[in-house]
Amino acid sequence: EIAQWLYFVTSDIAFWSPNGLLLRVQYMLSMYGGLPSYWQALKDRLNPLKLTMRYACGTSPLGARLLARSGHNLISQDPDLLREKVSLCTLEQTDLPHSTCQKLARVGIQRLQQLLNVPPGELAKRFDSQLVTYIGKLQGTFHHPVDFYHPPATFSQYLELMYEIDSSPILLHPIKRLLNDLERFLRLRDKLATVLEFRFSQRDSDAISLTVCSAQGEYQALQWQSLVSLKLENLVLAQPVYGIQLAVTHMQAKQAQANDLFAGKQ
């Protein structure tokens with residue numbers, strides 16, 4: 001959800017398990033006029049989500065991850081500064097296995113700077129290739145393949161309710177969250193939805209399906225709320241609902257509103 005939300009302002013996003021996002025920055029800086037403006041755009045985009053986060057730039061993906069997880073909160077394009085901060089980190093802050101850190105500690109190596117001072121050939125002789133590969137990726141001398149995120153082409157989202165609901169009109173409250181997510185999905189793709197399919201999971205009973213249509217197509221959550229509210233008035237629940245699935249079965253492209261670039265600000 002965070003990656004999809006950020007896709008409005010930046011393109012190359014990758015997931016980094018268990019709780020990280022990696023952004024490729026260099027291709028975005030000319031668009032935003034530099035790193036400070038780009039970072040401000042990211043912060044403005046993230047503020048409504050009220051996240052607790054740690055962040056950092058890096059000369060490599062592993063370097064950025066290490067500094068972020070260490071709580072540096074460092075936004076900088078200075079490669080010397082970024083490498084210096086990385087070198088000051090302890091081995092326990094890295095992704096190296098605990099057993100490897102213990103072996104290095106026995107020979108007096110506890111910080112990355114000490115490890116980086118050891119020639120790669122000597123490391124390869126005394127330790128396994130995993131350590132040499134990690135150092136190479138950390139310094140950016142080894143390629144670090146990354147699979148970038150692409151927003152899904154279809155919308156299907158399930159919401160587990162915090163409490164069961166036995167009155168159909170009250171279902172509109174959790175549905176609003178799903179509709180807000182749908183609006184972001186449609187805006188990102190410049191699409192209109194014409195048919196929404198809801199599936200309500202009930203305790204000790206079969207799920208109920210509800211179809212809501214818009215003849216001309218719509219993307220705004222508020223407009224869909226009005227249509228869904230009317231449908232919910234006639235929905236009869238056999239058992240309390242504990243989960244809601246929303247899927248978009250039909251979408252269409254938005255029509256251009258005007259073709260004249262010089263017609264004035266609208």
# chains A, B, ... in the order shown; residues from 1 in each chain; ligands from 1
>>> residues_around(residues="Ala193 of chain A", least_positions_apart="2", cutoff="10 Å", atoms="only C-alpha atoms", output="MDAnalysis selection string")
chainID A and resid 182:183 186 191 195:196 213:220 224 248:254
>>> select_by_dssp(residues="segment 59-217 of chain A", states="helix (DSSP H, G or I)", output="JSON, numbers by chain")
{"A": [61, 62, 63, 64, 65, 66, 67, 68, 69, 79, 80, 81, 82, 83, 84, 85, 86, 87, 91, 92, 93, 98, 99, 100, 101, 102, 103, 104, 105, 106, 112, 113, 114, 115, 116, 120, 121, 122, 123, 124, 125, 126, 129, 130, 131, 132, 133, 134, 135, 136, 137, 138, 139, 168, 169, 170, 171, 172, 173, 174, 175, 176, 177, 178, 179, 180, 181, 182, 183, 184, 185, 186, 187, 188, 189]}
>>> write_last_selection(atoms="C-alpha atoms", output="PDB file, in the first residue's frame")
ATOM      1  CA  PRO A  61      21.358  -0.478  -1.635  1.00  0.00           C
ATOM      2  CA  LEU A  62      23.023  -2.280   1.275  1.00  0.00           C
ATOM      3  CA  GLY A  63      24.650   0.946   2.436  1.00  0.00           C
ATOM      4  CA  ALA A  64      21.331   2.798   2.482  1.00  0.00           C
ATOM      5  CA  ARG A  65      19.635  -0.075   4.309  1.00  0.00           C
ATOM      6  CA  LEU A  66      22.409  -0.287   6.917  1.00  0.00           C
ATOM      7  CA  LEU A  67      22.319   3.437   7.684  1.00  0.00           C
ATOM      8  CA  ALA A  68      18.524   3.531   7.775  1.00  0.00           C
ATOM      9  CA  ARG A  69      18.194   0.559  10.119  1.00  0.00           C
ATOM     10  CA  PRO A  79      29.548   9.833  -1.182  1.00  0.00           C
ATOM     11  CA  ASP A  80      32.474  10.349   1.189  1.00  0.00           C
ATOM     12  CA  LEU A  81      30.135  11.182   4.073  1.00  0.00           C
ATOM     13  CA  LEU A  82      27.894   8.201   3.318  1.00  0.00           C
ATOM     14  CA  ARG A  83      30.853   5.798   3.157  1.00  0.00           C
ATOM     15  CA  GLU A  84      32.253   7.230   6.398  1.00  0.00           C
ATOM     16  CA  LYS A  85      28.954   6.683   8.217  1.00  0.00           C
ATOM     17  CA  VAL A  86      28.809   3.105   6.914  1.00  0.00           C
ATOM     18  CA  SER A  87      32.358   2.380   8.056  1.00  0.00           C
ATOM     19  CA  LEU A  91      29.171  -5.678  12.468  1.00  0.00           C
ATOM     20  CA  GLU A  92      26.096  -6.479  14.575  1.00  0.00           C
ATOM     21  CA  GLN A  93      24.211  -3.734  12.711  1.00  0.00           C
ATOM     22  CA  HIS A  98      25.741 -13.813  13.843  1.00  0.00           C
ATOM     23  CA  SER A  99      28.200 -16.694  13.500  1.00  0.00           C
ATOM     24  CA  THR A 100      30.291 -14.663  11.031  1.00  0.00           C
ATOM     25  CA  CYS A 101      30.297 -11.643  13.368  1.00  0.00           C
ATOM     26  CA  GLN A 102      31.535 -13.893  16.191  1.00  0.00           C
ATOM     27  CA  LYS A 103      34.373 -15.274  14.052  1.00  0.00           C
ATOM     28  CA  LEU A 104      35.429 -11.748  13.090  1.00  0.00           C
ATOM     29  CA  ALA A 105      35.237 -10.597  16.717  1.00  0.00           C
ATOM     30  CA  ARG A 106      37.688 -13.352  17.707  1.00  0.00           C
ATOM     31  CA  LEU A 112      33.032  -2.286   9.421  1.00  0.00           C
ATOM     32  CA  GLN A 113      36.021   0.040   9.047  1.00  0.00           C
ATOM     33  CA  GLN A 114      38.269  -2.705  10.403  1.00  0.00           C
ATOM     34  CA  LEU A 115      36.710  -5.223   8.040  1.00  0.00           C
ATOM     35  CA  LEU A 116      36.998  -2.930   5.017  1.00  0.00           C
ATOM     36  CA  PRO A 120      39.488  -9.061  -0.218  1.00  0.00           C
ATOM     37  CA  GLY A 121      41.933 -11.851  -1.059  1.00  0.00           C
ATOM     38  CA  GLU A 122      42.752 -12.402   2.606  1.00  0.00           C
ATOM     39  CA  LEU A 123      39.045 -12.383   3.516  1.00  0.00           C
ATOM     40  CA  ALA A 124      38.354 -14.995   0.849  1.00  0.00           C
ATOM     41  CA  LYS A 125      41.073 -17.254   2.289  1.00  0.00           C
ATOM     42  CA  ARG A 126      39.962 -17.006   5.903  1.00  0.00           C
ATOM     43  CA  SER A 129      32.517 -16.207  -0.135  1.00  0.00           C
ATOM     44  CA  GLN A 130      29.307 -14.871   1.455  1.00  0.00           C
ATOM     45  CA  LEU A 131      31.331 -12.329   3.432  1.00  0.00           C
ATOM     46  CA  VAL A 132      33.275 -11.160   0.365  1.00  0.00           C
ATOM     47  CA  THR A 133      30.044 -10.833  -1.627  1.00  0.00           C
ATOM     48  CA  TYR A 134      28.407  -8.795   1.151  1.00  0.00           C
ATOM     49  CA  ILE A 135      31.363  -6.392   1.316  1.00  0.00           C
ATOM     50  CA  GLY A 136      31.366  -6.045  -2.480  1.00  0.00           C
ATOM     51  CA  LYS A 137      27.654  -5.198  -2.543  1.00  0.00           C
ATOM     52  CA  LEU A 138      28.006  -2.847   0.424  1.00  0.00           C
ATOM     53  CA  GLN A 139      30.767  -0.882  -1.337  1.00  0.00           C
ATOM     54  CA  SER A 168     -25.731  -3.424   6.763  1.00  0.00           C
ATOM     55  CA  PRO A 169     -25.733   0.442   6.821  1.00  0.00           C
ATOM     56  CA  ILE A 170     -22.824   0.390   9.317  1.00  0.00           C
ATOM     57  CA  LEU A 171     -20.773  -1.513   6.731  1.00  0.00           C
ATOM     58  CA  LEU A 172     -20.315   1.787   4.909  1.00  0.00           C
ATOM     59  CA  HIS A 173     -17.726   2.908   7.489  1.00  0.00           C
ATOM     60  CA  PRO A 174     -15.099   0.231   6.711  1.00  0.00           C
ATOM     61  CA  ILE A 175     -16.069   0.343   3.031  1.00  0.00           C
ATOM     62  CA  LYS A 176     -14.936   3.997   2.923  1.00  0.00           C
ATOM     63  CA  ARG A 177     -11.355   2.843   3.514  1.00  0.00           C
ATOM     64  CA  LEU A 178     -11.554   0.421   0.591  1.00  0.00           C
ATOM     65  CA  LEU A 179     -13.051   3.126  -1.633  1.00  0.00           C
ATOM     66  CA  ASN A 180     -10.255   5.553  -0.720  1.00  0.00           C
ATOM     67  CA  ASP A 181      -7.700   2.919  -1.722  1.00  0.00           C
ATOM     68  CA  LEU A 182      -9.634   2.363  -4.951  1.00  0.00           C
ATOM     69  CA  GLU A 183      -9.584   6.093  -5.704  1.00  0.00           C
ATOM     70  CA  ARG A 184      -5.788   6.157  -5.381  1.00  0.00           C
ATOM     71  CA  PHE A 185      -5.569   3.086  -7.614  1.00  0.00           C
ATOM     72  CA  LEU A 186      -7.743   4.659 -10.324  1.00  0.00           C
ATOM     73  CA  ARG A 187      -6.078   8.093 -10.160  1.00  0.00           C
ATOM     74  CA  LEU A 188      -2.666   6.510 -10.606  1.00  0.00           C
ATOM     75  CA  ARG A 189      -3.832   4.845 -13.824  1.00  0.00           C
TER      76      ARG A 189
END
>>> closest_residue(among="A:Gln223, A:Thr211, A:Gln202, A:Gln255", to="Gly243 of chain A", atoms="only C-alpha atoms")
A:Gln202
>>> atom_distance(atom1="atom CA of Phe148 of chain A", atom2="atom CA of Phe15 of chain A")
7.6 Å
>>> atom_distance(atom1="atom CA of Phe8 of chain A", atom2="atom CA of Gln225 of chain A")
23.6 Å
>>> residues_around(residues="Tyr158 of chain A", least_positions_apart="3", cutoff="7 Å", atoms="only C-alpha atoms", output="PyMOL selection string")
chain A and resi 244-246
>>> write_last_selection(atoms="all heavy atoms", output="CSV table (one decimal), in the first residue's frame")
chain,number,residue,atom,x,y,z
A,244,ILE,N,-14.5,-7.9,4.4
A,244,ILE,CA,-15.1,-7.3,3.2
A,244,ILE,C,-14.0,-7.4,2.1
A,244,ILE,O,-12.9,-7.0,2.3
A,244,ILE,CB,-15.5,-5.8,3.4
A,244,ILE,CG1,-16.5,-5.7,4.5
A,244,ILE,CG2,-16.1,-5.3,2.1
A,244,ILE,CD1,-16.8,-4.2,4.9
A,245,GLN,N,-14.4,-7.9,0.9
A,245,GLN,CA,-13.6,-8.0,-0.3
A,245,GLN,C,-14.2,-7.0,-1.3
A,245,GLN,O,-15.4,-7.0,-1.6
A,245,GLN,CB,-13.5,-9.4,-0.8
A,245,GLN,CG,-12.7,-9.5,-2.1
A,245,GLN,CD,-11.3,-9.8,-1.8
A,245,GLN,OE1,-10.9,-10.4,-0.8
A,245,GLN,NE2,-10.4,-9.4,-2.7
A,246,LEU,N,-13.3,-6.2,-1.9
A,246,LEU,CA,-13.7,-5.3,-3.0
A,246,LEU,C,-12.9,-5.6,-4.2
A,246,LEU,O,-11.7,-5.6,-4.1
A,246,LEU,CB,-13.6,-3.8,-2.6
A,246,LEU,CG,-13.7,-2.8,-3.7
A,246,LEU,CD1,-15.1,-2.9,-4.3
A,246,LEU,CD2,-13.5,-1.4,-3.2
>>> closest_residue(among="A:Leu192, A:Leu29, A:Ala41, A:Val236", to="Val9 of chain A", atoms="only C-alpha atoms")
A:Ala41
>>> residues_around(residues="segment 162-165 of chain A", least_positions_apart="3", cutoff="7 Å", atoms="only C-alpha atoms", output="PyMOL selection string")
chain A and resi 171+240-242
>>> write_last_selection(atoms="N, CA and C atoms", output="mmCIF file, in the first residue's frame")
data_model
loop_
_atom_site.group_PDB
_atom_site.id
_atom_site.type_symbol
_atom_site.label_atom_id
_atom_site.label_comp_id
_atom_site.auth_asym_id
_atom_site.auth_seq_id
_atom_site.Cartn_x
_atom_site.Cartn_y
_atom_site.Cartn_z
ATOM 1 N N LEU A 171 -21.861 -1.011 7.573
ATOM 2 C CA LEU A 171 -20.773 -1.513 6.731
ATOM 3 C C LEU A 171 -20.131 -0.401 5.900
ATOM 4 N N PRO A 240 -23.468 -11.817 11.332
ATOM 5 C CA PRO A 240 -22.528 -10.682 11.371
ATOM 6 C C PRO A 240 -21.394 -10.849 10.359
ATOM 7 N N VAL A 241 -20.933 -9.718 9.827
ATOM 8 C CA VAL A 241 -19.869 -9.699 8.820
ATOM 9 C C VAL A 241 -18.530 -9.462 9.522
ATOM 10 N N TYR A 242 -17.518 -10.257 9.127
ATOM 11 C CA TYR A 242 -16.190 -10.094 9.731
ATOM 12 C C TYR A 242 -15.119 -9.688 8.702
#
>>> closest_residue(among="A:Leu161, A:Leu227, A:Met53, A:Ala238", to="Asp206 of chain A", atoms="only C-alpha atoms")
A:Ala238
>>> atom_distance(atom1="atom CA of Ser209 of chain A", atom2="atom CA of Gln4 of chain A")
26.9 Å
